[in-house]
Amino acid sequence: MKVAPPHPQEEARLAALDTLEILDTMPEAGFDELTRLASRLCETPIALVSLVDHYRQWFKSRVGLDTPETPRDFAFCAHAILGEQLFVVEDAHKDERFHDNPLVTEGPHVRFYAGIPIRGLGGLNMGTLCVIDHEPRQLTREQAEALGVLGRQVEAQLLLRLRVRELERREEELRSQRDTLASVQHQKDELIQRVMRDFKAPLTSILTNATFMLYRPHLHEELQRTTRDIRDAADGLQRTVSNLLDASGDESSLPFDAARFDVNLLLSEVARDFQQRLVSSPRRFIQSVKLAEPLITADRELLRRTLVNLLDNSFQYTALGSSKITLEAANPEPGLLELRVRDEGPGIAAAARANLFDAHLPDAHTPGSGRAEGGNRLALAFCRRAVQAHGGWIWVEDNHPKGVAFCIRLPVLPHGPLFSGS
């Protein structure tokens with residue numbers, strides 16, 4: 001018996017074989033189908049996908065053979081990987097290299113062998129696709145060509161399997177990174193929630209005391225102006241805190257308490273409070289309410305906060321002087337309430353509108369709008385959540401001849417995801 005010498009690039013070949021991560025893995029249909037096809041086309045009882053390791057040849061796929069591996073010293077495949085062409089032994093009994101080989105003299109009693117080398121990474125031979133018979137014989141030209149074609153398909157399966165494993169690893173790494181980022185984001189959100197809740201109590205106290213001071217008689221004009229500034233600043237900061245708490249939580253964290261009420265009364269309340277803010281401002285405020293169905297079942301507080309936030313956005317971005325802010329309400333069709341807040345401030349480019357109601361700041365490549373930065377972004381994100389909770393829609397459009405209009409449509413009867421009554 002003649003033992004095959006090591007491959008000229010044995011270390012590199014074995015490293016490439018290890019990279020495939022295939023040794024001692026379970027059977028796979030892609031390889032087994034090719035092995036069965038080789039056995040049928042070549043009319044042999046045995047067909048193998050053999051990979052030549054350090055001290056053994058291991059069979060990734062086998063037909064007609066029970067043993068999963070044999071010693072490398074006995075392997076016909078160890079000879080086959082030394083070349084690039086089909087390696088054929090027509091009669092092992094007459095071949096001095098194999099006549100006394102245990103695989104010939106004992107089971108599986110190899111007499112005929114034909115193996116096509118299988119290349120892996122770097123074009124190095126990993127093993128063979130081989131067919132074996134218990135009788136001496138020859139392959140026809142068509143069978144030899146078919147074995148070559150099937151060998152190339154085994155190579156393709158090896159590379160495909162490697163790519164799939166690389167993709168799976170990459171996906172797992174990305175999943176791990178996403179989980180880590182999600183955990184960090186969750187911790188940050190929890191911290192923000194705790195800090196913002198701690199802010200609410202002192203802000204409420206400041207706002208209450210400032211409001212109380214404004215109702216005191218004979219208050220000096222300068223003190224009255226300063227107190228009004230304190231009240232407005234505290235009111236704005238309290239809105240920002242509330243918007244942050246509600247815009248950063250999940251959908252189920254948004255408080256929702258539906259009840260039936262008259263929209264006219266709510267609009268009057270919102271208009272009254274907004275008019276007070278305009279006491280020292282030359283901005284003009286107009287109401288246009290034309291409701292055929294004034295009664296609505298909704299969360300009154302969420303709807304109030306939504307209108308207050310939209311009016312505040314218009315107040316901040318409406319120039320002093322003859323600028324006009326309008327609050328409109330109508331029933332465009334039965335069963336729908338439409339609310340619009342119009343102003344004559346700067347417009348919003350069409351490219352920026354897609355992200356206008358997103359709580360997260362856009363990246364450097366995302367078109368932004370000056371009307372949705374900082375607290376205003378949180379306010380608009382809250383507005384979208386509040387409107388969607390009612391099963392409604394919110395969008396922005398141009399207000400001709402200048403400015404923008406924030407538009408809301410709500411069903412008069414609720415069917416939002418957070419509605420828990422009937």
# chains A, B, ... in the order shown; residues from 1 in each chain; ligands from 1
>>> closest_atom_pairs(of="region 142-236 of chain A", to="region 12-31 of chain A", cutoff="8 Å", atoms="only C-alpha atoms", output="tab-separated table")
residue	atom	partner	partner_atom	distance
A:Val154	CA	A:Phe31	CA	6.6
A:Gln157	CA	A:Gly30	CA	6.9
A:Leu158	CA	A:Leu20	CA	7.4
A:Leu162	CA	A:Leu20	CA	5.9
>>> residues_around(residues="Phe406 (chain A)", least_positions_apart="5", cutoff="6 Å", atoms="only C-alpha atoms", output="PyMOL selection string")
chain A and resi 340-341+396
>>> closest_residue(among="A:Val263, A:Ile286, A:Ala146, A:Val49", to="Val412 (chain A)", atoms="only C-alpha atoms")
A:Val263
>>> residues_around(residues="Arg72 (chain A)", least_positions_apart="2", cutoff="9 Å", atoms="only C-alpha atoms", output="PyMOL selection string")
chain A and resi 3-4+52-58+69-70+74-78
>>> write_last_selection(atoms="N, CA and C atoms", output="tab-separated table (two decimals), in the first residue's frame")
chain	number	residue	atom	x	y	z
A	3	VAL	N	0.99	5.21	0.79
A	3	VAL	CA	0.29	6.33	1.44
A	3	VAL	C	0.53	7.59	0.64
A	4	ALA	N	-0.53	8.35	0.40
A	4	ALA	CA	-0.40	9.59	-0.37
A	4	ALA	C	0.43	10.61	0.40
A	52	VAL	N	-10.90	15.70	3.20
A	52	VAL	CA	-9.66	15.12	3.72
A	52	VAL	C	-9.11	16.02	4.82
A	53	ASP	N	-9.15	15.53	6.07
A	53	ASP	CA	-8.71	16.28	7.25
A	53	ASP	C	-7.27	15.89	7.58
A	54	HIS	N	-6.78	16.28	8.76
A	54	HIS	CA	-5.40	15.97	9.16
A	54	HIS	C	-5.09	14.47	9.11
A	55	TYR	N	-5.91	13.69	9.79
A	55	TYR	CA	-5.63	12.26	9.94
A	55	TYR	C	-6.77	11.36	9.47
A	56	ARG	N	-7.75	11.94	8.80
A	56	ARG	CA	-8.91	11.14	8.38
A	56	ARG	C	-9.51	11.73	7.11
A	57	GLN	N	-10.35	10.92	6.49
A	57	GLN	CA	-11.26	11.47	5.49
A	57	GLN	C	-12.66	11.32	6.07
A	58	TRP	N	-13.37	12.46	6.10
A	58	TRP	CA	-14.71	12.48	6.72
A	58	TRP	C	-15.74	12.70	5.62
A	69	GLU	N	-16.35	7.94	8.49
A	69	GLU	CA	-14.99	8.37	8.18
A	69	GLU	C	-14.06	7.16	8.12
A	70	THR	N	-12.88	7.35	7.53
A	70	THR	CA	-11.83	6.32	7.52
A	70	THR	C	-10.50	7.04	7.72
A	74	PHE	N	-5.47	5.42	4.48
A	74	PHE	CA	-6.13	4.45	3.60
A	74	PHE	C	-6.89	5.13	2.45
A	75	ALA	N	-7.01	6.46	2.50
A	75	ALA	CA	-7.97	7.15	1.63
A	75	ALA	C	-7.51	7.27	0.19
A	76	PHE	N	-8.32	6.79	-0.74
A	76	PHE	CA	-8.11	7.04	-2.16
A	76	PHE	C	-8.18	8.55	-2.42
A	77	CYS	N	-9.05	9.21	-1.67
A	77	CYS	CA	-9.26	10.66	-1.88
A	77	CYS	C	-8.01	11.46	-1.56
A	78	ALA	N	-7.15	10.95	-0.62
A	78	ALA	CA	-5.91	11.65	-0.30
A	78	ALA	C	-4.99	11.70	-1.52
>>> atom_distance(atom1="CA of His218 (chain A)", atom2="CA of Val279 (chain A)")
17.8 Å
>>> residues_around(residues="Gly107 (chain A)", least_positions_apart="4", cutoff="10 Å", atoms="only C-alpha atoms", output="JSON, numbers by chain")
{"A": [65, 102, 103, 134]}
>>> write_last_selection(atoms="N, CA and C atoms", output="compact mmCIF listing (two decimals), in the first residue's frame")
# COMPACT_ATOMS: atom_id res chain seq x y z
N LEU A 65 -22.79 3.51 2.12
CA LEU A 65 -21.70 3.29 3.07
C LEU A 65 -22.16 3.77 4.44
N PRO A 102 -6.47 -1.83 3.25
CA PRO A 102 -7.57 -2.44 4.01
C PRO A 102 -8.95 -2.13 3.44
N LEU A 103 -9.14 -0.96 2.79
CA LEU A 103 -10.43 -0.64 2.19
C LEU A 103 -10.70 -1.50 0.95
N HIS A 134 -17.85 -2.31 -6.33
CA HIS A 134 -17.20 -3.53 -5.82
C HIS A 134 -16.60 -4.36 -6.95
>>> residues_around(residues="Asn101 (chain A)", least_positions_apart="2", cutoff="10 Å", atoms="only C-alpha atoms", output="PyMOL selection string")
chain A and resi 1-3+73-76+92-93+96-99+103-106+109-110
>>> residues_around(residues="Trp393 (chain A)", least_positions_apart="5", cutoff="8 Å", atoms="only C-alpha atoms", output="number ranges by chain")
A: 384, 387-388, 408-410
>>> select_by_dssp(residues="region 73-214 of chain A", states="strand (DSSP E)", output="PyMOL selection string")
chain A and resi 87-89+112-119+125-133
>>> write_last_selection(atoms="C-alpha atoms", output="PDB file, in the first residue's frame")
ATOM      1  CA  PHE A  87      -8.738  10.529 -10.455  1.00  0.00           C
ATOM      2  CA  VAL A  88      -9.685   6.987 -11.559  1.00  0.00           C
ATOM      3  CA  VAL A  89      -8.654   3.532 -10.315  1.00  0.00           C
ATOM      4  CA  PHE A 112     -13.319   0.723  -8.724  1.00  0.00           C
ATOM      5  CA  TYR A 113     -12.855   4.365  -7.663  1.00  0.00           C
ATOM      6  CA  ALA A 114     -13.407   7.661  -9.480  1.00  0.00           C
ATOM      7  CA  GLY A 115     -13.074  10.990  -7.629  1.00  0.00           C
ATOM      8  CA  ILE A 116     -13.256  14.597  -8.840  1.00  0.00           C
ATOM      9  CA  PRO A 117     -11.419  17.093  -6.584  1.00  0.00           C
ATOM     10  CA  ILE A 118     -13.593  19.631  -4.741  1.00  0.00           C
ATOM     11  CA  ARG A 119     -12.067  23.063  -4.288  1.00  0.00           C
ATOM     12  CA  ASN A 125      -8.696  20.986  -2.859  1.00  0.00           C
ATOM     13  CA  MET A 126     -10.765  20.117   0.203  1.00  0.00           C
ATOM     14  CA  GLY A 127     -11.715  16.585  -0.819  1.00  0.00           C
ATOM     15  CA  THR A 128     -13.641  14.833  -3.578  1.00  0.00           C
ATOM     16  CA  LEU A 129     -16.990  13.803  -4.922  1.00  0.00           C
ATOM     17  CA  CYS A 130     -16.298  10.130  -5.589  1.00  0.00           C
ATOM     18  CA  VAL A 131     -18.099   7.009  -6.770  1.00  0.00           C
ATOM     19  CA  ILE A 132     -17.080   3.440  -5.774  1.00  0.00           C
ATOM     20  CA  ASP A 133     -17.942  -0.024  -7.074  1.00  0.00           C
TER      21      ASP A 133
END
>>> select_by_dssp(residues="region 30-277 of chain A", states="helix (DSSP H, G or I)", output="PyMOL selection string")
chain A and resi 30-42+72-74+76-80+92-94+102-105+121-123+141-214+221-248+251-253+263-277
>>> atom_distance(atom1="CA of Thr326 (chain A)", atom2="CA of Ile348 (chain A)")
17.6 Å
>>> atom_distance(atom1="CA of Leu310 (chain A)", atom2="CA of Leu327 (chain A)")
9.7 Å
